[in-house]
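Text of protein-v8.txt, listed as compact mmCIF, C-alpha atoms:
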```
# COMPACT_ATOMS: atom_id res chain seq x y z
CA SER A 1 55.45 -273.43 227.00
CA PRO A 2 55.43 -274.74 230.63
CA TYR A 3 55.47 -271.14 231.87
CA LEU A 4 52.38 -270.23 229.87
CA ARG A 5 50.50 -273.26 231.20
CA THR A 6 51.51 -272.39 234.76
CA PHE A 7 50.29 -268.81 234.24
CA ARG A 8 46.99 -270.07 232.83
CA LEU A 9 46.50 -272.37 235.81
CA ALA A 10 47.17 -269.44 238.17
CA LEU A 11 44.58 -267.29 236.37
CA GLU A 12 41.97 -270.04 236.66
CA SER A 13 42.69 -270.38 240.38
CA ILE A 14 42.24 -266.61 240.84
CA GLU A 15 38.96 -266.70 238.93
CA LEU A 16 37.70 -269.55 241.09
CA ALA A 17 38.67 -267.67 244.26
CA SER A 18 36.76 -264.61 243.03
CA GLU A 19 33.67 -266.70 242.26
CA LEU A 20 33.83 -268.26 245.70
CA PHE A 21 34.19 -264.87 247.40
CA ASN A 22 31.11 -263.50 245.65
CA PHE A 23 29.22 -266.68 246.40
CA ARG A 24 30.03 -266.38 250.11
CA LYS A 25 28.68 -262.80 250.22
CA MET A 26 25.33 -263.99 248.88
CA ASN A 27 24.93 -266.95 251.24
CA LYS A 28 24.91 -266.96 255.02
CA ASN A 29 24.81 -270.72 255.57
CA LEU A 30 28.49 -271.16 254.65
CA ASP A 31 28.97 -274.53 256.38
CA PHE A 32 26.57 -276.02 253.87
CA VAL A 33 27.11 -273.85 250.83
CA ILE A 34 30.92 -273.78 250.41
CA PRO A 35 31.57 -277.54 250.47
CA ASN A 36 28.70 -278.13 248.07
CA TYR A 37 29.84 -275.34 245.77
CA LEU A 38 33.37 -276.74 245.61
CA GLY A 39 31.99 -280.22 245.08
CA PHE A 40 29.91 -278.98 242.17
CA CYS A 41 32.93 -277.25 240.62
CA SER A 42 35.11 -280.34 240.88
CA GLN A 43 32.38 -282.50 239.32
CA ARG A 44 32.13 -280.08 236.44
CA SER A 45 35.96 -280.04 236.00
CA TYR A 46 36.01 -276.38 236.94
CA LEU A 47 38.90 -277.07 239.28
CA PRO A 48 42.08 -277.98 237.34
CA LYS A 49 43.06 -281.62 237.72
CA ILE A 50 46.77 -282.09 238.40
CA TYR A 51 48.35 -285.50 237.75
CA LEU A 52 51.95 -286.36 238.66
CA THR A 53 53.99 -288.87 236.68
CA THR A 54 57.37 -290.31 237.69
CA SER A 55 59.83 -291.56 235.08
CA ASN A 56 63.10 -293.35 235.88
CA PHE A 57 66.28 -292.98 233.82
CA PHE A 58 69.50 -295.02 233.89
CA PRO A 59 72.91 -294.75 232.20
CA ASP A 60 73.69 -297.24 229.43
CA PRO A 61 75.96 -300.19 230.22
CA ASP A 62 78.87 -300.93 227.91
CA PRO A 63 78.67 -300.69 224.91
CA GLU A 64 76.99 -297.34 225.43
CA THR A 65 74.53 -295.92 222.86
CA THR A 66 73.35 -292.61 224.34
CA THR A 67 74.85 -292.26 227.86
CA THR A 68 77.65 -293.52 230.07
CA ASP A 69 78.76 -293.67 233.70
CA GLY A 70 81.96 -294.49 235.57
CA ASP A 71 84.95 -293.22 237.53
CA VAL A 72 87.54 -290.60 236.70
CA ALA A 73 90.53 -290.31 239.01
CA ARG A 74 94.05 -289.09 239.71
CA LEU A 75 96.14 -291.96 241.11
CA ALA A 76 99.64 -293.00 242.18
CA VAL A 77 100.79 -289.56 243.28
CA ASN A 78 102.14 -288.01 246.48
CA GLU A 79 100.71 -284.49 246.41
CA ALA A 80 99.16 -281.73 248.48
CA PHE A 81 95.38 -281.74 248.43
CA ALA A 82 95.08 -278.71 246.15
CA THR A 83 97.49 -280.32 243.68
CA ILE A 84 95.74 -283.70 243.46
CA ARG A 85 92.43 -281.88 243.21
CA GLY A 86 93.52 -279.55 240.41
CA GLY A 87 95.84 -281.91 238.53
CA ALA A 88 95.13 -283.88 235.39
CA GLY A 89 93.25 -287.16 235.52
CA THR A 90 95.32 -290.32 235.20
CA THR A 91 92.56 -292.90 234.66
CA ALA A 92 88.99 -293.19 233.43
CA SER A 93 86.70 -296.23 233.80
CA PRO A 94 83.48 -296.04 231.72
CA ALA A 95 82.88 -299.82 231.61
CA VAL A 96 83.29 -301.11 235.18
CA ALA A 97 80.59 -302.54 237.43
CA GLU A 98 81.62 -300.61 240.56
CA GLY A 99 81.99 -296.88 241.09
CA ASN A 100 83.64 -294.84 243.84
CA VAL A 101 84.02 -291.47 245.45
CA TYR A 102 87.33 -291.92 247.23
CA LEU A 103 90.24 -290.11 248.87
CA GLU A 104 93.47 -291.72 250.11
CA ALA A 105 96.36 -290.14 251.99
CA THR A 106 100.02 -291.16 251.71
CA THR A 107 102.45 -291.57 254.61
CA THR A 108 103.89 -288.12 253.86
CA THR A 109 102.35 -285.41 256.01
CA ASP A 110 99.50 -283.57 254.26
CA GLN A 111 100.02 -285.47 251.02
CA TYR A 112 97.52 -287.59 249.09
CA ALA A 113 97.79 -290.58 246.77
CA ALA A 114 94.38 -290.96 245.09
CA LEU A 115 91.19 -288.98 244.43
CA TYR A 116 88.18 -290.51 242.66
CA ARG A 117 85.11 -288.82 241.20
CA ASN A 118 82.11 -290.41 239.48
CA ILE A 119 80.17 -289.28 236.40
CA ASP A 120 76.60 -290.35 235.57
CA LEU A 121 74.65 -289.36 232.44
CA PHE A 122 70.93 -289.93 231.82
CA ASP A 123 69.02 -289.70 228.53
CA THR A 124 66.00 -287.63 229.59
CA SER A 125 64.97 -286.53 226.09
CA SER A 126 61.68 -288.44 226.38
CA LEU A 127 60.46 -285.87 228.91
CA THR A 128 60.09 -283.22 226.16
CA ASP A 129 59.88 -279.50 226.85
CA THR A 130 56.11 -279.60 227.47
CA ILE A 131 56.47 -280.92 231.04
CA ILE A 132 56.82 -279.12 234.37
CA ILE A 133 59.16 -280.87 236.82
CA ASP A 134 57.82 -281.16 240.36
CA SER A 135 60.79 -282.97 241.95
CA ALA A 136 63.75 -285.20 241.08
CA THR A 137 66.05 -287.62 242.89
CA ILE A 138 69.38 -289.18 241.92
CA SER A 139 70.15 -292.51 243.59
CA LEU A 140 73.18 -294.79 243.88
CA TRP A 141 72.94 -298.41 245.02
CA GLY A 142 75.29 -298.84 247.98
CA ARG A 143 78.04 -301.47 247.75
CA ALA A 144 80.42 -300.43 250.54
CA ALA A 145 81.55 -297.49 252.66
CA SER A 146 84.64 -297.12 254.81
CA GLU A 147 86.47 -294.48 256.81
CA THR A 148 89.95 -295.11 258.22
CA GLY A 149 91.24 -291.86 259.66
CA LEU A 150 90.08 -289.08 257.33
CA GLY A 151 86.63 -288.66 258.88
CA ASP A 152 83.29 -288.56 257.09
CA LEU A 153 83.49 -288.07 253.34
CA ASN A 154 80.50 -285.87 252.55
CA VAL A 155 79.44 -286.69 248.99
CA ASN A 156 77.16 -284.57 246.83
CA VAL A 157 75.77 -284.27 243.31
CA TYR A 158 77.33 -281.82 240.85
CA THR A 159 77.04 -281.20 237.13
CA SER A 160 79.45 -282.84 234.70
CA THR A 161 80.54 -282.03 231.17
CA PRO A 162 82.47 -285.01 229.77
CA ALA A 163 83.76 -284.71 226.23
CA SER A 164 81.49 -287.55 225.06
CA ASN A 165 78.05 -288.76 226.12
CA THR A 166 79.09 -292.39 225.56
CA ASN A 167 82.65 -292.57 226.87
CA LEU A 168 84.89 -291.23 229.64
CA VAL A 169 88.52 -290.15 229.23
CA THR A 170 91.16 -288.97 231.69
CA ALA A 171 90.52 -285.31 230.81
CA ASP A 172 86.98 -285.68 232.16
CA TYR A 173 88.48 -285.70 235.67
CA ALA A 174 88.41 -281.89 235.37
CA GLN A 175 84.84 -281.79 234.04
CA LEU A 176 82.76 -281.78 237.24
CA GLY A 177 81.19 -278.62 238.61
CA THR A 178 81.43 -277.19 242.12
CA THR A 179 77.83 -276.02 242.69
CA ALA A 180 75.88 -278.43 244.89
CA GLN A 181 72.77 -279.86 243.22
CA ALA A 182 71.42 -281.44 246.43
CA THR A 183 72.22 -281.89 250.15
CA ALA A 184 75.41 -283.85 250.80
CA LYS A 185 75.34 -287.38 252.23
CA ALA A 186 77.99 -288.48 254.76
CA THR A 187 79.91 -291.75 254.69
CA SER A 188 78.47 -292.59 258.11
CA THR A 189 74.91 -292.48 256.72
CA TRP A 190 75.67 -294.67 253.68
CA THR A 191 73.41 -297.71 253.25
CA ASN A 192 74.68 -300.86 251.57
CA GLY A 193 72.34 -303.09 249.59
CA ALA A 194 69.85 -300.31 248.90
CA TYR A 195 69.52 -297.01 247.07
CA ASN A 196 71.04 -293.91 248.64
CA ASP A 197 69.08 -290.83 247.51
CA TRP A 198 69.93 -287.21 246.80
CA THR A 199 66.84 -285.01 246.28
CA LEU A 200 67.80 -282.35 243.75
CA ASN A 201 67.42 -278.71 244.75
CA ALA A 202 66.09 -276.05 242.39
CA THR A 203 69.51 -275.71 240.75
CA GLY A 204 69.72 -279.45 240.20
CA ILE A 205 66.23 -279.60 238.73
CA SER A 206 67.09 -276.76 236.35
CA ASN A 207 70.02 -278.84 235.05
CA ILE A 208 67.79 -281.71 233.93
CA SER A 209 67.58 -281.64 230.15
CA LEU A 210 64.05 -282.02 228.78
CA THR A 211 65.24 -282.68 225.25
CA GLY A 212 68.64 -284.39 225.61
CA VAL A 213 71.10 -285.87 228.10
CA SER A 214 71.19 -284.79 231.76
CA LYS A 215 74.79 -284.75 232.98
CA PHE A 216 75.60 -285.16 236.66
CA GLY A 217 78.39 -286.57 238.79
CA PHE A 218 79.53 -287.16 242.36
CA ARG A 219 82.48 -285.82 244.29
CA SER A 220 83.22 -285.10 247.95
CA THR A 221 82.39 -281.68 249.31
CA ASN A 222 86.07 -281.31 250.32
CA ASP A 223 86.96 -281.89 246.68
CA ALA A 224 84.36 -279.44 245.37
CA ASP A 225 85.28 -276.76 247.92
CA ASN A 226 89.06 -277.32 247.73
CA SER A 227 89.07 -277.86 251.49
CA ALA A 228 91.48 -280.56 252.67
CA PRO A 229 90.27 -282.91 255.41
CA THR A 230 92.37 -283.44 258.53
CA TRP A 231 95.26 -285.59 257.29
CA ALA A 232 96.17 -288.98 258.75
CA SER A 233 98.92 -291.30 257.52
CA ALA A 234 97.75 -293.83 254.90
CA ALA A 235 94.12 -293.05 255.81
CA ARG A 236 91.29 -293.35 253.32
CA THR A 237 87.58 -292.62 253.04
CA GLN A 238 85.27 -294.13 250.43
CA ILE A 239 81.73 -294.68 249.29
CA ALA A 240 81.31 -297.43 246.70
CA HIS A 241 78.27 -298.11 244.55
CA TYR A 242 77.24 -300.07 241.48
CA ASN A 243 77.45 -298.60 237.99
CA ALA A 244 75.21 -299.47 235.03
CA ASP A 245 77.66 -302.23 234.06
CA GLN A 246 76.57 -304.29 237.03
CA ALA A 247 74.43 -307.17 235.69
CA GLY A 248 70.74 -306.26 235.32
CA THR A 249 69.20 -302.86 236.05
CA THR A 250 68.14 -303.29 239.69
CA ASN A 251 71.32 -301.66 241.02
CA ASP A 252 71.94 -299.04 238.32
CA PRO A 253 72.39 -295.34 239.08
CA LYS A 254 68.93 -293.83 238.76
CA LEU A 255 67.43 -290.42 238.06
CA ALA A 256 63.75 -290.30 239.03
CA VAL A 257 61.82 -287.29 237.71
CA THR A 258 58.30 -286.46 238.90
CA TYR A 259 56.43 -284.06 236.63
CA THR A 260 53.17 -282.89 235.09
CA SER A 261 52.43 -282.44 231.40
CA GLU A 262 49.69 -280.74 229.43
CA ALA A 263 48.39 -284.06 228.13
CA GLU A 264 47.82 -285.32 231.68
CA ASN A 265 46.08 -282.21 233.02
CA ASP A 266 42.54 -280.99 232.43
CA TYR A 267 42.35 -277.21 232.41
CA SER A 268 38.83 -276.96 230.95
CA TYR A 269 35.92 -275.37 232.78
CA PHE A 270 33.31 -277.90 231.74
CA LEU A 271 33.17 -281.56 230.75
```
Go ahead and express the file in the form of structure tokens.
Amino acid sequence: SPYLRTFRLALESIELASELFNFRKMNKNLDFVIPNYLGFCSQRSYLPKIYLTTSNFFPDPDPETTTTDGDVARLAVNEAFATIRGGAGTTASPAVAEGNVYLEATTTTDQYAALYRNIDLFDTSSLTDTIIIDSATISLWGRAASETGLGDLNVNVYTSTPASNTNLVTADYAQLGTTAQATAKATSTWTNGAYNDWTLNATGISNISLTGVSKFGFRSTNDADNSAPTWASAARTQIAHYNADQAGTTNDPKLAVTYTSEAENDYSYFL
């Protein structure tokens, strides 16, 4: 398992440190001896060689085969924030080129008309359970961002659990988690025409499947925390990005995983 390999690597590092300590006690000319000793060990593969590999994963465009992406939303209402947040979804869009995280107020004080969330799935089964993840980043290609009275919309990555890996339905509006998987990104920092990155934290990394589909999504932090922004009449805040149904793959949502695997590492003492 990855844990056993990590433990074995730690033991080898301890053994090397012990050898070096004893070697130092027997030699006074340390400026010469230590660098040459370490050089000898590395030439003989005594020091473990660690190699990092990065693999990129993307949702499938329509027609989906293993994964999907798209918007789920509650629209055309006039409700308090807690109600639009906790209500049932009214629309799902698994086959559109553009995605959104979006909140719109009505002209009625403290009422809202629309709330969008976005779901993104990635088939990461090719990683296999023999790897150890070093880091991971989820990226969305910026299309547009706007803020007209509601202030910055802080958007973050959360887990998702849609009913299907290859389709989205209105009920999936309620299938996004509330535990942050990264550090939120504000509307004011959104970049159009390039990838906007969220580096996953330890929780986010732990939710990457090594043998199946990794399921994430995006929502505003106000939405996740059930904390209404300061209301303004007919105001809206939005980040817009491209989904996998945009032509080509250059602009697709992307999960980049950097990892090590047993096949890439040399744990032997000698060549």
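Between atom CA of Pro61 of chain A and atom CA of Val157 of chain A the interatomic distance comes to 20.6 Å.
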For segment 89-201 of chain A against segment 240-251 of chain A, with a cut-off of 7 Å and counting all atoms listed in the file, what is the closest atom pair and its distance in Å to one decimal for every residue that makes the cut, ordered by chain and number, as JSON lines?
```
{"residue": "A:Ala95", "atom": "CA", "partner": "A:Asp245", "partner_atom": "CA", "distance": 6.2}
{"residue": "A:Val96", "atom": "CA", "partner": "A:Asp245", "partner_atom": "CA", "distance": 5.8}
{"residue": "A:Ala97", "atom": "CA", "partner": "A:Gln246", "partner_atom": "CA", "distance": 4.4}
{"residue": "A:Glu98", "atom": "CA", "partner": "A:Tyr242", "partner_atom": "CA", "distance": 4.5}
{"residue": "A:Gly99", "atom": "CA", "partner": "A:His241", "partner_atom": "CA", "distance": 5.2}
{"residue": "A:Asn100", "atom": "CA", "partner": "A:Ala240", "partner_atom": "CA", "distance": 4.5}
{"residue": "A:Val101", "atom": "CA", "partner": "A:Ala240", "partner_atom": "CA", "distance": 6.7}
{"residue": "A:Leu140", "atom": "CA", "partner": "A:His241", "partner_atom": "CA", "distance": 6.1}
{"residue": "A:Trp141", "atom": "CA", "partner": "A:His241", "partner_atom": "CA", "distance": 5.4}
{"residue": "A:Gly142", "atom": "CA", "partner": "A:His241", "partner_atom": "CA", "distance": 4.6}
{"residue": "A:Arg143", "atom": "CA", "partner": "A:His241", "partner_atom": "CA", "distance": 4.6}
{"residue": "A:Ala144", "atom": "CA", "partner": "A:Ala240", "partner_atom": "CA", "distance": 5.0}
{"residue": "A:Ala145", "atom": "CA", "partner": "A:Ala240", "partner_atom": "CA", "distance": 6.0}
```
Shell of 6 Å around segment 169-184 of chain A, all atoms listed in the file, local chain residues under 4 positions omitted, as a ChimeraX atom specification | /A:72,89-92,154-162,198-201,203-204,224
Name the residues, using the chain letters and numbers of the file, that sit within 6 Å of (96.1, -285.1, 238.4) when counting all atoms listed in the file, and give them as a list in words.
->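 Residues found, by chain and rising number: Arg74, Ile84, Gly87, Ala88 and Gly89 of chain A.
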Shortest interatomic distance to Ile239 of chain A - which of A:Thr124, A:Ser164, A:Thr191, A:Thr137, counting all atoms listed in the file |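 Of all the options, A:Thr191 lies closest to Ile239 of chain A.
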Calculate how many Å separate atom CA of Arg236 of chain A from atom CA of Asp252 of chain A, rounding to one decimal.
->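 One can read the atom CA of Arg236 of chain A to atom CA of Asp252 of chain A distance as 25.1 Å.
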Thr260 of chain A: which residues within 6 Å, counting only C-alpha atoms, same-chain residues fewer than 5 positions away excluded, as a PDB file with C-alpha atoms, in the frame of the given file?
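Saved as out-v8.pdb:
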```
ATOM      1  CA  LEU A  52      51.950-286.360 238.660  1.00  0.00           C
ATOM      2  CA  ILE A 131      56.470-280.920 231.040  1.00  0.00           C
ATOM      3  CA  ILE A 132      56.820-279.120 234.370  1.00  0.00           C
TER       4      ILE A 132
END
```
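Distance annotation: of A:Asn196, A:Asn167, A:Thr189, A:Asn207, the residue with the minimal separation from Pro59 of chain A is A:Asn167; atom set is only C-alpha atoms.
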Axis-aligned box over every listed atom of segment 74-78 of chain A, padded by 6 Å per side: centre and edges in Å to one decimal, as JSON?
```
{"center_x": 98.1, "center_y": -290.5, "center_z": 243.1, "size_x": 20.1, "size_y": 17.0, "size_z": 18.8}
```
Go ahead and find all residues with at least one atom no further than 8 Å from (78.4, -291.1, 256.6) in the file's coordinates, using only C-alpha atoms; report them as number ranges by chain.
-> A: 152-154, 185-190
